[in-house]
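Here the structure is laid out as structure tokens; the discussion comes afterwards.
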Amino acid sequence: MTLLALVLPLAGMVSLLALNRRVATRSAALGGAGTLLLSALLLSGDRLSRGLPQTVIAHAWMWLPEQDALVLTLTLDAVSWPLALLVYAGGVAAIVSAALALPPDLRGFGGMFAALLAGLAVLASGVMCDTPLLLPFIPVVVGVTWFTALRASGALAGSMAPLTLALGGSAAALALLVAALVERAGGTGQASAIIVGCAVMAALLLCGFAPAHTTIAAAGMAPAALAVFVPLGLPLAGAVALLRLLPGQLASLSDESRGMLLAIGLLAVLSAAARALWSRALRQIVVAQFSAQLGLVVVCAGCGEAAFAAVAPGLVANAVLTTLALMIGVVALERRTDSNDLMMLRPDASLWLASLGVLIAAASSVGVPGTWGMWPRLWLLDAAMAMAPWVVAPLLAGSGMLALALVAPLAVFWRVAALAPAPAPASVTGIVAVTVAAPLLVMGAVPGATWDLWFAAMQAQLAPAATTTPRLPALMGQIATAGASGALIVLSVLARRARLRRAPPADERLNGVLTPDSAGAALYGIAWLAAPAASVRSRLVVAWIEPWVRQGLLVLGKRYYLAVVVVVLIVIILVFSAG
């Protein structure tokens, strides 16, 4: 059934291409979401009926001189199953919300959803891949699918965002390829440092860490219907690379190397949080906070192997779910108000369900008690106190900056609800946003059960020799946690009712001390570090080189097989050089 779960999205992709002009794009896209939902159900059924681990594919695809065959292995285990389920379930929510953003009778955009569906299928297959030499293909294919989807949308014809995503995925693939070759060659000590360094370099490009925030910002520039796929694109591929390559290597690192990881992670967290606080566009705020949350994974790696195995999977799950819920809510708001700018929003209809989903996701992204985001952050702080206490203060500062950055979007949602001319029925998009955010409350209310069901097995697989049980609440703590989860909902409902009774003036501006006009401007220097602006000379050089690069891409674009042959030859040469 697992193999069928991998094939179904590809069948949906073919159907979308075949029905591109014959069926409305919304209907075809919802059919593609149905294939992802069925795949998620098949994965869950296979997990319950056959248990874990189980081998999906084991195929010898290359023989190296005087070495064993290179085997393509896809395994459903304690790490890959939750990640694949997250990709499929999140893909369903993203496609449904994106399809609802399109007019019902629009046709001709089936290729856009087909490309996105292909990227999700490759990402789900990639999290199951146990062959490190095949790991570099994931960001390449995901980057190309994003390039294709953005070009098919027709909204960024003169923008460099599609090419930025494709080139970012390709550059990260080269770093992952070097790491895979070094790992296959064997060795410890210096080899471990090289592998970890290449994996972090790839994550820097894919997750938008400083100074490469432009990569993830380019994804946020996509049309509203595509922006919801940001957490299921290149950043998740970077997180998967860290989870696959770093365990087993961190124990061999020196103290200096661990300190370097801590510094890189802290810079990523602080600069991305400052970027979120400085930004005016809602979608750019969301992608910046996503980058900041993934930066915590690098900080976790600097705290050692045991901390990484126990905390990193929880951080990744929280980052993906919170960003998906936030982006769905922001897209719903943008559809109703025709703007993505905090200062230019105008109220048209109530978004009370979407605002609830955004509230839960924002609370979990900064670690508010009662949400799942509190627990991996608490465990990370415990590990930092034991390994490097000086890290705690910058981590708390980054969380505070993220909280300030998310205050303005929350205020926008409540203001729009208060100024709505009449109550509106619950929209499907709002229901999707709440559905995505609801697991964050459930997992936060019962952290012990969540740990035993999901993350304990992941920790045991990532670091069998360094398993530890993180701090979990006792009976009274469990009651308090569940109460905090319920209080978050109750307080949001009461705040909304109070806001409805005392509606603000229609010309009220959101430019207080917590908005980008003040705090963000004061931290512009740190925000600039996330994506430094190019100098005039650099832009002139790029403008001189661009026609030559474009001509080369045109040649390859007319001969797709030539591009494939070139990539395959490069990979084979590098593989043989490692042997």
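All residue names refer to the structure tokens as shown: chains lettered A, B, ... in order, residues numbered from 1 in each chain, ligands numbered from 1 in order.
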Segment 151-161 of chain A surroundings by only C-alpha atoms, 9 Å radius, close-in-sequence under 4 positions cut, as a compact mmCIF listing (two decimals) with N, CA and C atoms, in the first residue's frame:
# COMPACT_ATOMS: atom_id res chain seq x y z
N PHE A 109 -5.09 26.18 -15.84
CA PHE A 109 -4.03 26.24 -14.84
C PHE A 109 -3.80 24.88 -14.19
N GLY A 110 -4.18 23.83 -14.89
CA GLY A 110 -3.94 22.50 -14.35
C GLY A 110 -2.46 22.17 -14.26
N GLY A 111 -1.65 22.70 -15.20
CA GLY A 111 -0.21 22.47 -15.14
C GLY A 111 0.43 23.02 -13.88
N MET A 112 -0.09 24.13 -13.38
CA MET A 112 0.43 24.72 -12.15
C MET A 112 0.25 23.76 -10.97
N ALA A 115 2.45 20.58 -11.30
CA ALA A 115 3.83 20.77 -10.85
C ALA A 115 3.93 20.72 -9.34
N TRP A 146 8.73 24.14 -8.41
CA TRP A 146 8.32 25.50 -8.03
C TRP A 146 8.54 26.47 -9.19
N PHE A 147 9.65 26.32 -9.89
CA PHE A 147 9.90 27.16 -11.06
C PHE A 147 8.79 26.98 -12.08
N LEU A 165 14.44 30.21 -6.94
CA LEU A 165 14.09 28.95 -6.29
C LEU A 165 14.77 27.77 -6.98
N ALA A 166 14.76 27.76 -8.32
CA ALA A 166 15.39 26.66 -9.04
C ALA A 166 16.89 26.62 -8.79
N THR A 214 16.85 35.51 0.79
CA THR A 214 16.19 35.77 -0.49
C THR A 214 15.55 34.51 -1.05
N THR A 215 16.11 33.34 -0.75
CA THR A 215 15.57 32.09 -1.29
C THR A 215 14.14 31.86 -0.82
N ALA A 217 12.25 34.09 0.71
CA ALA A 217 11.44 35.27 0.40
C ALA A 217 10.88 35.19 -1.01
N ALA A 218 11.64 34.57 -1.94
CA ALA A 218 11.15 34.41 -3.31
C ALA A 218 9.90 33.54 -3.34
N ALA A 219 9.86 32.51 -2.48
CA ALA A 219 8.65 31.69 -2.41
C ALA A 219 7.47 32.48 -1.87
N MET A 221 6.88 35.50 -2.46
CA MET A 221 6.41 36.42 -3.50
C MET A 221 5.44 35.76 -4.47
N ALA A 222 5.24 34.47 -4.35
CA ALA A 222 4.32 33.77 -5.24
C ALA A 222 2.91 34.30 -5.08
N PRO A 223 2.04 34.08 -6.07
CA PRO A 223 0.64 34.47 -5.91
C PRO A 223 0.03 33.83 -4.67
N LEU A 226 -0.48 30.12 -4.41
CA LEU A 226 0.70 29.26 -4.31
C LEU A 226 1.48 29.46 -3.03
Practice prompt. Write down as number ranges by chain the residues belonging to segment 150-382 of chain A that are assigned alpha helix (DSSP H) by DSSP computed on the backbone.
Written response: A: 150-153, 161-185, 190-207, 213-220, 224-227, 234-245, 255-278, 282-302, 305-337, 352-366, 374-382
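Proximity to Trp81 of chain A was assessed for A:Ser279, A:Thr164, A:Thr435, A:Gln54 counting only C-alpha atoms; the smallest distance is recorded for A:Gln54.
Here atom CA of Leu83 of chain A stands at a distance of 8.1 Å from atom CA of Ala317 of chain A.
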Please build the interface table for segment 303-400 of chain A against segment 227-241 of chain A with a cut-off of 6 Å, listing for each qualifying residue the nearest atom pair and the distance in Å to one decimal; count only C-alpha atoms, order rows by chain and increasing number, and write it as a Markdown table.
| residue | atom | partner | partner_atom | distance |
| --- | --- | --- | --- | --- |
| A:Val320 | CA | A:Pro231 | CA | 5.4 |
| A:Met327 | CA | A:Val228 | CA | 5.3 |
| A:Ile328 | CA | A:Val228 | CA | 5.9 |
Save the residues we just selected, N, CA and C atoms, as a PDB file, in the first residue's frame?
ATOM      1  N   VAL A 320       6.333  23.575  10.444  1.00  0.00           N
ATOM      2  CA  VAL A 320       5.526  23.316   9.243  1.00  0.00           C
ATOM      3  C   VAL A 320       4.052  23.582   9.519  1.00  0.00           C
ATOM      4  N   MET A 327      -0.221  30.815   6.843  1.00  0.00           N
ATOM      5  CA  MET A 327      -0.298  31.202   5.440  1.00  0.00           C
ATOM      6  C   MET A 327      -1.710  31.026   4.892  1.00  0.00           C
ATOM      7  N   ILE A 328      -2.406  29.982   5.310  1.00  0.00           N
ATOM      8  CA  ILE A 328      -3.790  29.805   4.856  1.00  0.00           C
ATOM      9  C   ILE A 328      -4.663  30.950   5.353  1.00  0.00           C
TER      10      ILE A 328
END
So that I can see what lies close to Gly448 of chain A, please list as a PDB file with N, CA and C atoms, in the first residue's frame the residues with an atom at most 9 Å from it, counting only C-alpha atoms and leaving out residues fewer than 6 positions away in the same chain.
ATOM      1  N   LEU A 472       8.633  16.284  30.882  1.00  0.00           N
ATOM      2  CA  LEU A 472       7.206  16.193  30.609  1.00  0.00           C
ATOM      3  C   LEU A 472       6.436  16.500  31.889  1.00  0.00           C
ATOM      4  N   PRO A 473       5.217  17.019  31.778  1.00  0.00           N
ATOM      5  CA  PRO A 473       4.487  17.432  32.989  1.00  0.00           C
ATOM      6  C   PRO A 473       3.961  16.242  33.781  1.00  0.00           C
ATOM      7  N   GLN A 478       0.006  18.502  33.824  1.00  0.00           N
ATOM      8  CA  GLN A 478      -0.829  18.117  32.692  1.00  0.00           C
ATOM      9  C   GLN A 478      -2.174  18.825  32.734  1.00  0.00           C
TER      10      GLN A 478
END
Practice prompt. Please give the complete set of residues from segment 11-252 of chain A that DSSP, run on the backbone, assigns to strand (DSSP E), formatted as a count of residues only.
Written response: 18
Worksheet item: What is the distance, in Å and to one decimal place, between atom CA of Leu321 of chain A and atom CA of Val196 of chain A?
Response: 26.1 Å
Worksheet item: Restricting the calculation to only C-alpha atoms, which member of A:Gly90, A:Ala273, A:Gly208, A:Pro369 is positioned closest to Gly477 of chain A?
Response: A:Pro369
Discussion item. So that I can check the surroundings of Trp454 of chain A, please list as a PyMOL selection string every protein, DNA and RNA residue that reaches within 10 Å of it, counting only C-alpha atoms and ignoring chain neighbours fewer than 3 positions away.
Written reply: chain A and resi 78-79+81-82+313-314+449-451+457-459
Produce a file of the selected residues containing C-alpha atoms, as a PDB file, in the first residue's frame.
ATOM      1  CA  ALA A  78       9.721   5.940  12.620  1.00  0.00           C
ATOM      2  CA  VAL A  79      11.234   9.071  11.037  1.00  0.00           C
ATOM      3  CA  TRP A  81       6.344   7.924   8.248  1.00  0.00           C
ATOM      4  CA  PRO A  82       5.386  11.054  10.276  1.00  0.00           C
ATOM      5  CA  PRO A 313      11.683  16.514  14.964  1.00  0.00           C
ATOM      6  CA  GLY A 314       9.305  18.421  17.243  1.00  0.00           C
ATOM      7  CA  ALA A 449       0.994  11.014  24.852  1.00  0.00           C
ATOM      8  CA  THR A 450       2.331  12.933  21.860  1.00  0.00           C
ATOM      9  CA  TRP A 451       5.907  12.098  22.825  1.00  0.00           C
ATOM     10  CA  ALA A 457      10.413   6.346  18.286  1.00  0.00           C
ATOM     11  CA  MET A 458      11.963   9.072  16.138  1.00  0.00           C
ATOM     12  CA  GLN A 459      14.526   9.802  18.830  1.00  0.00           C
TER      13      GLN A 459
END
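For segment 34-37 of chain A, the non-local neighbours within 7 Å, defined as residues at least 6 positions apart in the same chain or in other chains and counting only C-alpha atoms, are Leu8, Pro9, Gly12, Tyr88, Ala89, Gly91 and Val92 of chain A.
For the residues A:Val368, A:Ala403, A:Ala411, A:Ala465, ranking by smallest atom-to-atom distance to Ala276 of chain A using only C-alpha atoms places A:Ala403 first.
Compared by their closest atoms to Pro136 of chain A, and using only C-alpha atoms, the residues A:Leu176, A:Ala388, A:Ala94, A:Ala199 rank with A:Leu176 nearest.
You can rank A:Leu270, A:Ala301, A:Val391, A:Ile285 by their closest distance to Leu245 of chain A using only C-alpha atoms, and at the top of that list sits A:Ala301.
For the residues A:Leu163, A:Val436, A:Leu380, A:Ala11, ranking by smallest atom-to-atom distance to Ala325 of chain A using only C-alpha atoms places A:Val436 first.
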Worksheet entry | d(atom CA of Thr55 of chain A, atom CA of Thr73 of chain A) in Å | 7.4 Å
Worksheet item: If you count only C-alpha atoms, which residues fall within 12 Å of Gly483 of chain A, apart from same-chain ones fewer than 4 positions away, as a count of residues only?
Response: 17
